[in-house]
Every structure is written in C-alpha cells, then in structure tokens.
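Report on one structure; see the data block that follows.
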Amino acid sequence: MILTQVETGQNFMTLKSINILNTNYNRLSVQVSLTGLSFLVSNKETNAVLFFSENKYDSNITPEELLVDISSIIANDLIDKKTFSEVNIIYANHLYTTVPTPLFDETKASDYLKFNSKILANDFISFDTIENKDITSVYVPYININNYFFDQFGSFKYYHASTILIKSLLDAEKYTIEPKAFIHVSNEMFDFIVIKNGKLLICNSFVYKTPEDFIYYILFCFEQLKLNPDTVKTVLLGSINKEDDIYHILYKYVRNIEFHKDIHQKKLTDNDEPHHHFLLKSLM
C-alpha cells in the first residue's frame with residue numbers, strides 16, 4: 001500500500017493505491033465539484049479499495065480547470081483504463097432540484113431549475129429518476145467532463161449527489177417514523193435532508209463560508225419544518241469532524257447529533273471514518 005502527498009499548485013492530493021488488478025471487475029467512481037475532486041477504484045466482487053485520490057481546492061474553479069486535473073490523474077495514475085468494467089461520475093453541486101416523479105415533465109426540466117438555481121441558456125440539463133421513490137432529481141452536469149469520459153471509456157453512468165443521498169438514506173430509513181435530519185458536508189457546501197415516516201420531507205443544499213453561515217441555514221431549515229433542534233435526531237455525514245468549528249457551533253444549537261455509522265466499515269484511507277466519503281462508498 002502506498003500513501004503519498006502530491007502538491008499541485010495550491011492543491012494537495014492524498015493518494016492511496018495498490019497495484020490495480022488486471023480483471024474485469026474494477027469499478028471507477030469519480031466525485032466532481034467545483035471545490036473538490038475524488039477518485040475511487042474498487043473491486044466489484046470484493047469491495048477492496050485499489051486506488052483513492054482526493055483533491056480539495058481553496059476556492060471554486062471552473063469546469064475547464066477541473067477537466068485538466070481529471071485528465072492528469074487518469075493519464076498518470078489510471079493508465080490501464082481497460083480494467084474498468086463500470087465507470088461512474090457523481091456531480092456534487094447545488095445546481096439541482098427535486099420534483100415528484102408523477103409531476104415531472106422532461107420538456108420542462110430547465111423550468112424546474114429556474115426557481116432555485118441560476119442557470120445559463122446553454123447549460124445542459126439532465127435528470128435522475130429514483131426508482132420506487134417517486135422522486136426525480138433535475139440538475140446541471142458538466143458537459144465537457146461527460147464528453148471527456150465518453151471519449152476515454154465509452155459507456156459510463158453519471159448521477160447527481162442528491163440522487164445517491166436520497167436513495168441511500170430512504171432505503172436505510174424506510175421504517176423511520178419520527179423526523180430524522182441528515183447533514184452531508186462537503187467543501188464549502190452541505191446538503192440538508194429530513195426523512196419522516198420513511199418519506200422525504202426536504203432535500204436542499206447550501207453554500208457557506210463561515211461557521212455562522214453554516215448554523216444559520218440549518219436553524220432556518222429546522223424553523224421552516226417546525227422541528228425542535230434540541231430533540232430531532234441529526235446525523236452527520238461527509239467532511240465534518242468533532243474538532244471542526246462547524247461541529248462546535250452546530251452542537252451549541254443542535255444537541256441530538258451523531259455521526260453516520262457504516263455497518264460495512266468501508267475505509268478508503270487509513271484515517272477514514274465511517275461517515276466520511278458517503279457518496280463514493282454508496283456506489284461500492
């Protein structure tokens with residue numbers, strides 16, 4: 001096993017890898033956002049982690065700059081691309097909305113997004129239908145990255161992060177009666193989800209800069225849903241730890257909190273916690 005740090009300009013990337021097996025059972029999953037980029041290669045039969053790479057940016061970069069980093073990692077670290085029997089992309093951005101599937105009209109996809117996202121006339125709109133949940137996620141993928149993956153791999157799948165969060169959490173909480181909140185934290189953004197009676201009450205994302213921004217949006221959501229932040233069970237996922245300022249301010253106002261527990265105990269790095277990298281682990 002190799003553990004190294006590679007500096008790329010202002011960014012740092014942690015790599016964990018072993019020799020990628022020459023089999024037909026390796027899965028490549030890539031999580032893409034304008035503030036970070038993660039690669040995971042795992043074996044579909046054993047779930048063994050063969051390669052992991054994470055890069056966090058100090059500020060938002062463009063999809064074009066993202067593609068430079070993606071192509072560099074694929075060219076330098078994932079040379080033998082023929083070993084991938086499955087390729088997935090996860091788009092983790094706030095350019096999305098959820099629509100009840102019975103009411104969804106594909107011809108009006110951009111109209112749904114206009115209500116809560118700033119989109120451009122030439123943005124490509126896509127959607128994921130979450131099977132057996134009557135929920136459709138409408139979102140903006142980065143078409144230059146899709147085109148690149150098509151050129152490199154041919155067949156691949158892509159999803160919005162909200163699709164994976166909603167499906168995974170609803171599957172796990174289908175017998176949950178009382179309201180339960182989930183806060184999934186990424187770099188300068190978090191997703192807020194509440195499930196009650198096995199149904200989705202809310203799924204929304206917020207961009208934040210300071211701990212004060214973070215807690216303001218969370219308390220606003222609790223208030224709008226008329227939920228008591230002292231008593232509602234609140235589960236934390238993603239890039240948050242007890243040492244973080246956002247955790248300290250959260251615990252000051254939201255008292256019934258816990259970290260997500262991964263019953264399978266999947267670890268992507270030696271320091272990985274069960275609640276870290278929830279999106280990538282959900283595809284394993």
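By convention here, the chains of the structure tokens are called A, B, ... in the order presented, each chain's residues are numbered starting at 1, and ligands are numbered starting at 1 in the order presented.
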Pick out the residues sitting within 9 Å of range 111-125 of chain A, and hand them over as a PyMOL selection string; count only C-alpha atoms, and ignore anything fewer than 6 positions along from it in its own chain.
chain A and resi 94-99+138-143
Can you build me a table of range 138-190 of chain A residues sitting at most 8 Å from range 228-244 of chain A, with the closest atom pair per residue and its distance in Å to one decimal, using only C-alpha atoms, sorted by chain and residue number, as a Markdown table?
| residue | atom | partner | partner_atom | distance |
| --- | --- | --- | --- | --- |
| A:Pro179 | CA | A:Val232 | CA | 6.6 |
| A:Lys180 | CA | A:Lys233 | CA | 5.3 |
| A:Ala181 | CA | A:Thr234 | CA | 4.6 |
| A:Phe182 | CA | A:Val235 | CA | 4.7 |
| A:Ile183 | CA | A:Leu236 | CA | 5.0 |
| A:His184 | CA | A:Leu237 | CA | 4.6 |
| A:Val185 | CA | A:Gly238 | CA | 4.9 |
| A:Ser186 | CA | A:Ser239 | CA | 5.3 |
| A:Asn187 | CA | A:Ser239 | CA | 7.2 |
Dump of C-alpha atoms for the selected residues, as a CSV table (one decimal), in the first residue's frame:
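Contents of part28.csv, as written:
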chain,number,residue,atom,x,y,z
A,179,PRO,CA,-38.4,13.1,11.8
A,180,LYS,CA,-34.7,12.5,11.3
A,181,ALA,CA,-32.3,15.0,9.9
A,182,PHE,CA,-29.1,14.3,7.9
A,183,ILE,CA,-26.4,16.9,7.2
A,184,HIS,CA,-24.0,15.9,4.5
A,185,VAL,CA,-21.0,18.2,4.5
A,186,SER,CA,-18.6,18.8,1.6
A,187,ASN,CA,-16.1,21.6,0.9
Output as a ChimeraX atom specification all residues of range 66-258 of chain A that backbone DSSP marks as helix (DSSP H, G or I).
/A:66-77,81-83,101-103,106-114,143-153,161-172,211-224,245-253
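For the atom pair formed by CA of Ile249 in chain A and CA of Lys209 in chain A, the distance is 13.7 Å, given to one decimal.
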Please provide as a count of residues only all residues within 9 Å of Pro274 in chain A, with the sequence filter that same-chain residues fewer than 5 positions apart are discarded (counting only C-alpha atoms).
10
Would you mind listing what lies within 7 Å of Ser29 in chain A as a PDB file with N, CA and C atoms, in the first residue's frame, with only C-alpha atoms counted and same-chain residues fewer than 5 positions away left out?
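As a result, selection32.pdb now contains:
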ATOM      1  N   PHE A  39     -11.339  10.427  -6.642  1.00  0.00           N
ATOM      2  CA  PHE A  39     -11.326   9.224  -7.474  1.00  0.00           C
ATOM      3  C   PHE A  39     -11.307   8.007  -6.556  1.00  0.00           C
ATOM      4  N   LEU A  40     -12.077   6.996  -6.912  1.00  0.00           N
ATOM      5  CA  LEU A  40     -12.052   5.736  -6.192  1.00  0.00           C
ATOM      6  C   LEU A  40     -12.106   4.587  -7.188  1.00  0.00           C
ATOM      7  N   VAL A  41     -11.147   3.669  -7.086  1.00  0.00           N
ATOM      8  CA  VAL A  41     -11.201   2.418  -7.837  1.00  0.00           C
ATOM      9  C   VAL A  41     -11.384   1.301  -6.818  1.00  0.00           C
ATOM     10  N   VAL A  87     -17.915   2.564 -14.828  1.00  0.00           N
ATOM     11  CA  VAL A  87     -17.412   3.920 -14.586  1.00  0.00           C
ATOM     12  C   VAL A  87     -18.584   4.803 -14.182  1.00  0.00           C
ATOM     13  N   ASN A  88     -18.438   5.492 -13.042  1.00  0.00           N
ATOM     14  CA  ASN A  88     -19.497   6.356 -12.521  1.00  0.00           C
ATOM     15  C   ASN A  88     -18.960   7.744 -12.243  1.00  0.00           C
ATOM     16  N   ILE A  89     -19.784   8.755 -12.506  1.00  0.00           N
ATOM     17  CA  ILE A  89     -19.471  10.132 -12.125  1.00  0.00           C
ATOM     18  C   ILE A  89     -20.574  10.625 -11.195  1.00  0.00           C
ATOM     19  N   LEU A 280     -19.187   8.238  -2.377  1.00  0.00           N
ATOM     20  CA  LEU A 280     -18.382   7.224  -3.061  1.00  0.00           C
ATOM     21  C   LEU A 280     -18.622   5.834  -2.474  1.00  0.00           C
TER      22      LEU A 280
END
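The list of residues with at least one atom within 9 Å of Ile145 in chain A, based on only C-alpha atoms and without residues fewer than 5 positions apart in the same chain, reads A:Pro63, A:Glu64, A:Leu66, A:Leu67, A:Ile70, A:Phe150.
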Residues within 7 Å of range 163-168 of chain A, only C-alpha atoms, excluding chain neighbours under 6 positions, as a PyMOL selection string
chain A and resi 128+130+137+279
With N, CA and C atoms retained, export the selected residues as a PDB file, in the first residue's frame.
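The resulting result02.pdb:
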ATOM      1  N   ASP A 128     -32.236  12.401 -12.929  1.00  0.00           N
ATOM      2  CA  ASP A 128     -32.185  11.022 -12.449  1.00  0.00           C
ATOM      3  C   ASP A 128     -33.548  10.696 -11.846  1.00  0.00           C
ATOM      4  N   ILE A 130     -35.391   8.360  -9.342  1.00  0.00           N
ATOM      5  CA  ILE A 130     -35.067   7.463  -8.241  1.00  0.00           C
ATOM      6  C   ILE A 130     -36.161   6.412  -8.153  1.00  0.00           C
ATOM      7  N   SER A 137     -34.505  13.862  -9.572  1.00  0.00           N
ATOM      8  CA  SER A 137     -33.538  14.943  -9.374  1.00  0.00           C
ATOM      9  C   SER A 137     -33.203  15.561 -10.724  1.00  0.00           C
ATOM     10  N   LEU A 279     -20.814   9.446  -0.367  1.00  0.00           N
ATOM     11  CA  LEU A 279     -21.281   9.292  -1.749  1.00  0.00           C
ATOM     12  C   LEU A 279     -20.517   8.199  -2.473  1.00  0.00           C
TER      13      LEU A 279
END
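With only C-alpha atoms taken into account, the protein and nucleic acid residues at most 8 Å from Glu86 in chain A (excluding it and anything under 2 positions from it in its own chain) are Tyr25, Asn26, Arg27, Leu28, Phe84, Asn88 and Phe156 of chain A.
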Rank nothing, just name the residue among A:Leu170, A:Ala48, A:Ile202, A:Ile74 nearest to Asn132 in chain A, using only C-alpha atoms.
A:Leu170
Selected residue of minimal separation from Val68 in chain A among A:Asn197, A:Thr101, A:Ser110, A:Asn144, counting only C-alpha atoms
A:Asn144
